[in-house]
Structures are given as structure tokens and as C-alpha cells.
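First up is the structure itself, then whatever we jot down about it.
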Amino acid sequence: MDQKDFIIDTQSEFFTKKFQVSLTKREPINHDSYMFRFDFKNHQERLGMQAVQHIKIYGLNMKGEIVDRAYTHVFEEDGYFLIPIKIYRPNVHPQFPNGGELTPWLENLELHSDLTIKRCVGKLLYHNNQFIVRPKLNKTWQQFSTVLLICGGSGITPAYQLIRTICDNPNDNTKMVLLYANKTEQDIWLLKELNELSDKHKEQFTVHYTLDKSEENWKGHKGFVTLEMMTSIFPQPTETTIGVLCGPKPMNKLVLSLYEQFGLKKENIVKF
Ligand SMILES: Cc1cc2nc3c(=O)[nH]c(=O)nc-3n(C[C@H](O)[C@H](O)[C@H](O)COP(=O)(O)OP(=O)(O)OC[C@H]3O[C@@H](n4cnc5c(N)ncnc54)[C@H](O)[C@@H]3O)c2cc1C
């Protein structure tokens, strides 16, 4: 199929229908995160979405009200998919005594319970070596030669999906450079997977880490993302460079402005 013929029907049942999956596993990744496994009722079913599309999970907040949040799977096979999820617990952060609305519910949900999910269109879509930015606005396809990615903490999941999809596609030579920011080394998700991808696809993908708090022997970058850090690791932007970002709100605000200072065109900066 030609890219021009690829139309995303945002009103189709695929994107609008809510359906039930079961929570079948919840394995700790670190002090505040788990890898969740969700199983379909039908053992042949898959999410079957394009790279960088996400799902919505519905659950309950402390008041018993229905809330939904976006999540990106990092693995799927017939019948199930995996999503790493960071839990925002109550009574941990003085500014947020109640913690997050949805994730404490997900942490306490009994195994083999059913929950409601829905597929979402997303803002950026990758299909046949090409990107489409904001499919909801029916923008035309744009192909990029270089993808710069700046992610914070759990914001790595959509970036990982994109990186893996491009690396797995032998017909796609898009170059990617990731700057992944975390509080501590223990907070880094998918470290092994990211390092393996960059080792295996040296010419195509490089990954750099920065930490707020690091041990003496830490070899990566230190502190918040800065323009100097970006200049030292990213290639000079061109017309065909896209900068994507996904992190906590304050970090996103900083990164949006840094990407512009770095020289990226506004329309080529996309928040997942
Ligand atoms: C496209 C997309 C994909 C995403 N994919 C993933 C994913 O794969 N995995 C994932 O974990 N998340 C992902 N997220 C984030 C996710 O959607 C939720 O925002 C997140 O799980 C928090 O939800 P919540 O309802 O628990 O917290 P909310 O009620 O939304 O509050 C979260 C905010 O409250 C504050 N807060 C509350 N409690 C604490 C605390 N104890 N410590 C520090 N701060 C606190 C922080 O500012 C935090 O950012 C994704 C988001 C998007 C937009």
C-alpha cells in the first residue's frame, strides 16, 4: 500500500470500542514500577496498532470516580501485551499526598481482575518508513532522516516502541539519537534493551543517559537536559530532522524550548 492511500479512520470501531482485558501479572521493575501483563479474552487477539500508538486504561480514583490514562505497550504476542507502569503512591511526595489518580488503583488491583481499555490514535504515527504527524488533523505524510528523542522516566515507552520498530525494519535507514533522563540509575527503564539495540544498530541508533543523582563511577551525563548536552550528542538539525519528547510536564516545557533553541522548526517538534 502506498503511504498516500493509508487513511486512519479515527472513528472506526478499532479506535472507539472499549473492551475488557485481564491483569494476569505484575512484576516489580524497581522501587516504584512494575511490568504489567494484560491478557485478551481471545487468545489470538493483539492490539495490532501502528508503532507509537497507545491505549487508554480506565480505572477508579480514590473517590471511586472513573479515570483514564494513556499507556504504551513495549511487547505483544498473540493474546497478551506488556506495559511498564510507574506507580504514583500516596504519602510519598509532600506536594501530592493523595498520589496519582489511576496508578495506586492499578497497583492494588487483584490479579485476574478485568479492566477496560481502548486503543488510541496518538499524535505521531510510524508506517512504512514514514511518519505522519497528528493524524487527527489529516496532515500529509512526512519522512524524516533523523529522529531526536528526549525522554524522562516512564516517558521512554513510546520512544522505545518507535526505536525498536525502525531498528527492526531493514528498509529504514532513519538515524535516531536518544537522550534519556532519570532521577537515579535504578529508575532507568529498558536499559538492557536500549543498550542492546544501540550495540546491534550502531550506525543507526545511539543512546545517552543523564541522571539527577549519580554514583561516582557514573559515566553518563549529569543533571537536567541542557542545550550544551544536546549540542554535544545530537547532529545539527536539518529540514528532515524531527524532535520528539515525552516526560513529566516541567521537563516537557523545558525540552520544547530547548529544541527550538537547538534550531528545530516548531512543526518538527512533537510531544508523544
Ligand atoms: C502517550 C502516553 C503514553 C504513556 N505511556 C506510559 C507508560 O507506558 N507507562 C507509564 O507508567 N506511564 C505512561 N504514561 C503516563 C500515564 O498516562 C499517567 O500520566 C501516569 O501513569 C500517572 O497517572 P496517575 O493517574 O497515577 O497520576 P496523575 O493523577 O495523573 O498525577 C501524576 C502527577 O502527579 C504528581 N504526583 C502524584 N503522586 C506523586 C508521587 N508519589 N511522587 C511524585 N509525583 C507525584 C506528579 O506530578 C505526576 O506527574 C503515558 C502518557 C502518555 C501521554
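If you're wondering about the labels, chains in the C-alpha cells are A, B, ... by order shown, residues count from 1 in each chain, ligands from 1 in order shown.
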
- request: List every residue of segment 161-230 of chain A that DSSP, applied to the backbone of this structure, assigns to strand (DSSP E), and report them as a PyMOL selection string.
  value: chain A and resi 175-182+205-211+221-222

message: Taking only C-alpha atoms and all ligand atoms and a cut-off of 9 Å, can you tell me which residues surround ligand 1, written as JSON, numbers by chain?
response: {"A": [33, 34, 52, 53, 54, 55, 56, 57, 61, 67, 68, 69, 70, 71, 72, 73, 74, 83, 84, 85, 86, 87, 88, 89, 90, 91, 92, 93, 94, 95, 96, 97, 98, 99, 100, 101, 102, 103, 104, 105, 106, 120, 122, 123, 153, 154, 155, 156, 157, 158, 246, 247, 248, 249, 250, 271, 272]}

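With distances restricted to only C-alpha atoms, A:Thr116 is the closest residue to Lys17 of chain A from A:Thr116, A:Asn129, A:Gln44, A:Asn195.
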
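Each of A:Phe36, A:Phe14, A:Phe205, A:Phe262 was checked against Leu109 of chain A using only C-alpha atoms; the smallest atom-to-atom distance is that of A:Phe36.
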
task: Just the helix (DSSP H, G or I) stuff from segment 66-219 of chain A, please, per backbone DSSP, written as a PyMOL selection string.
output: chain A and resi 103-108+135-137+153-168+185-187+191-200

task: Please identify all polymer residues within 6 Å of Asp78 of chain A, counting only C-alpha atoms, omitting same-chain residues fewer than 2 positions from it, and present them as a ChimeraX atom specification.
output: /A:44-46,80

query: Could you name the residues that touch Lys25 of chain A at 9 Å or less, counting only C-alpha atoms, but leaving out those on the same chain fewer than 3 positions away, as a list of chain:residue names?
result: A:Met35, A:Phe36, A:Arg37, A:Phe38, A:Leu111, A:His112

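Between atom CA of Ile66 of chain A and atom CA of Gln20 of chain A lies a distance of 14.9 Å.
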
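For the choices A:Ile242, A:Leu178, A:Lys200, A:Glu228, the atom-to-atom distance to Gln261 of chain A is smallest for A:Glu228 when using only C-alpha atoms.
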
Do you know which residues are at most 10 Å from Asn268 of chain A counting only C-alpha atoms, after dropping those on the same chain fewer than 5 positions away, and could you put them as a PDB file with N, CA, C and O atoms, in the first residue's frame?
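Result file out_39.pdb:
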```
ATOM      1  N   VAL A 133       2.432  13.157  11.226  1.00  0.00           N
ATOM      2  CA  VAL A 133       2.334  13.936  12.437  1.00  0.00           C
ATOM      3  C   VAL A 133       0.879  14.339  12.624  1.00  0.00           C
ATOM      4  O   VAL A 133       0.253  14.845  11.710  1.00  0.00           O
ATOM      5  N   GLN A 142       5.082  12.700   6.369  1.00  0.00           N
ATOM      6  CA  GLN A 142       6.373  13.378   6.299  1.00  0.00           C
ATOM      7  C   GLN A 142       7.423  12.340   6.596  1.00  0.00           C
ATOM      8  O   GLN A 142       7.263  11.548   7.529  1.00  0.00           O
ATOM      9  N   PHE A 144      11.301  11.602   7.708  1.00  0.00           N
ATOM     10  CA  PHE A 144      12.414  12.260   8.387  1.00  0.00           C
ATOM     11  C   PHE A 144      13.656  11.398   8.286  1.00  0.00           C
ATOM     12  O   PHE A 144      13.573  10.177   8.377  1.00  0.00           O
ATOM     13  N   VAL A 147      15.740  11.243  13.750  1.00  0.00           N
ATOM     14  CA  VAL A 147      14.802  11.440  14.853  1.00  0.00           C
ATOM     15  C   VAL A 147      15.603  11.673  16.129  1.00  0.00           C
ATOM     16  O   VAL A 147      16.413  10.822  16.524  1.00  0.00           O
ATOM     17  N   GLU A 239      16.179  20.180   7.655  1.00  0.00           N
ATOM     18  CA  GLU A 239      14.744  20.221   7.334  1.00  0.00           C
ATOM     19  C   GLU A 239      14.065  18.888   7.645  1.00  0.00           C
ATOM     20  O   GLU A 239      12.870  18.826   7.880  1.00  0.00           O
ATOM     21  N   THR A 240      14.865  17.811   7.602  1.00  0.00           N
ATOM     22  CA  THR A 240      14.273  16.479   7.790  1.00  0.00           C
ATOM     23  C   THR A 240      14.637  15.877   9.150  1.00  0.00           C
ATOM     24  O   THR A 240      14.722  14.662   9.297  1.00  0.00           O
ATOM     25  N   THR A 241      14.825  16.748  10.119  1.00  0.00           N
ATOM     26  CA  THR A 241      15.046  16.267  11.485  1.00  0.00           C
ATOM     27  C   THR A 241      13.766  16.501  12.284  1.00  0.00           C
ATOM     28  O   THR A 241      13.190  17.585  12.230  1.00  0.00           O
ATOM     29  N   ILE A 242      13.350  15.473  13.011  1.00  0.00           N
ATOM     30  CA  ILE A 242      12.195  15.638  13.898  1.00  0.00           C
ATOM     31  C   ILE A 242      12.688  15.462  15.344  1.00  0.00           C
ATOM     32  O   ILE A 242      13.562  14.627  15.610  1.00  0.00           O
ATOM     33  N   GLY A 243      12.143  16.264  16.244  1.00  0.00           N
ATOM     34  CA  GLY A 243      12.494  16.137  17.665  1.00  0.00           C
ATOM     35  C   GLY A 243      11.253  15.704  18.417  1.00  0.00           C
ATOM     36  O   GLY A 243      10.230  16.370  18.359  1.00  0.00           O
ATOM     37  N   VAL A 244      11.324  14.557  19.092  1.00  0.00           N
ATOM     38  CA  VAL A 244      10.172  14.108  19.861  1.00  0.00           C
ATOM     39  C   VAL A 244      10.519  14.142  21.344  1.00  0.00           C
ATOM     40  O   VAL A 244      11.684  14.093  21.719  1.00  0.00           O
ATOM     41  N   TYR A 259      14.540  22.476  22.269  1.00  0.00           N
ATOM     42  CA  TYR A 259      14.541  22.005  20.875  1.00  0.00           C
ATOM     43  C   TYR A 259      14.520  23.212  19.925  1.00  0.00           C
ATOM     44  O   TYR A 259      15.183  23.222  18.892  1.00  0.00           O
ATOM     45  N   GLU A 260      13.704  24.215  20.279  1.00  0.00           N
ATOM     46  CA  GLU A 260      13.642  25.417  19.411  1.00  0.00           C
ATOM     47  C   GLU A 260      14.976  26.142  19.410  1.00  0.00           C
ATOM     48  O   GLU A 260      15.467  26.554  18.358  1.00  0.00           O
TER      49      GLU A 260
END
```

- request: Go through A:Asn108, A:Asn169, A:Thr238, A:Thr231 one by one, measure the shortest atom-to-atom distance of each to Ser145 of chain A using only C-alpha atoms, and give the residue with the smallest value.
  value: A:Thr238

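Taking atom CA of Asp32 of chain A as the reference point, atom CA of Thr184 of chain A is found at 12.3 Å.
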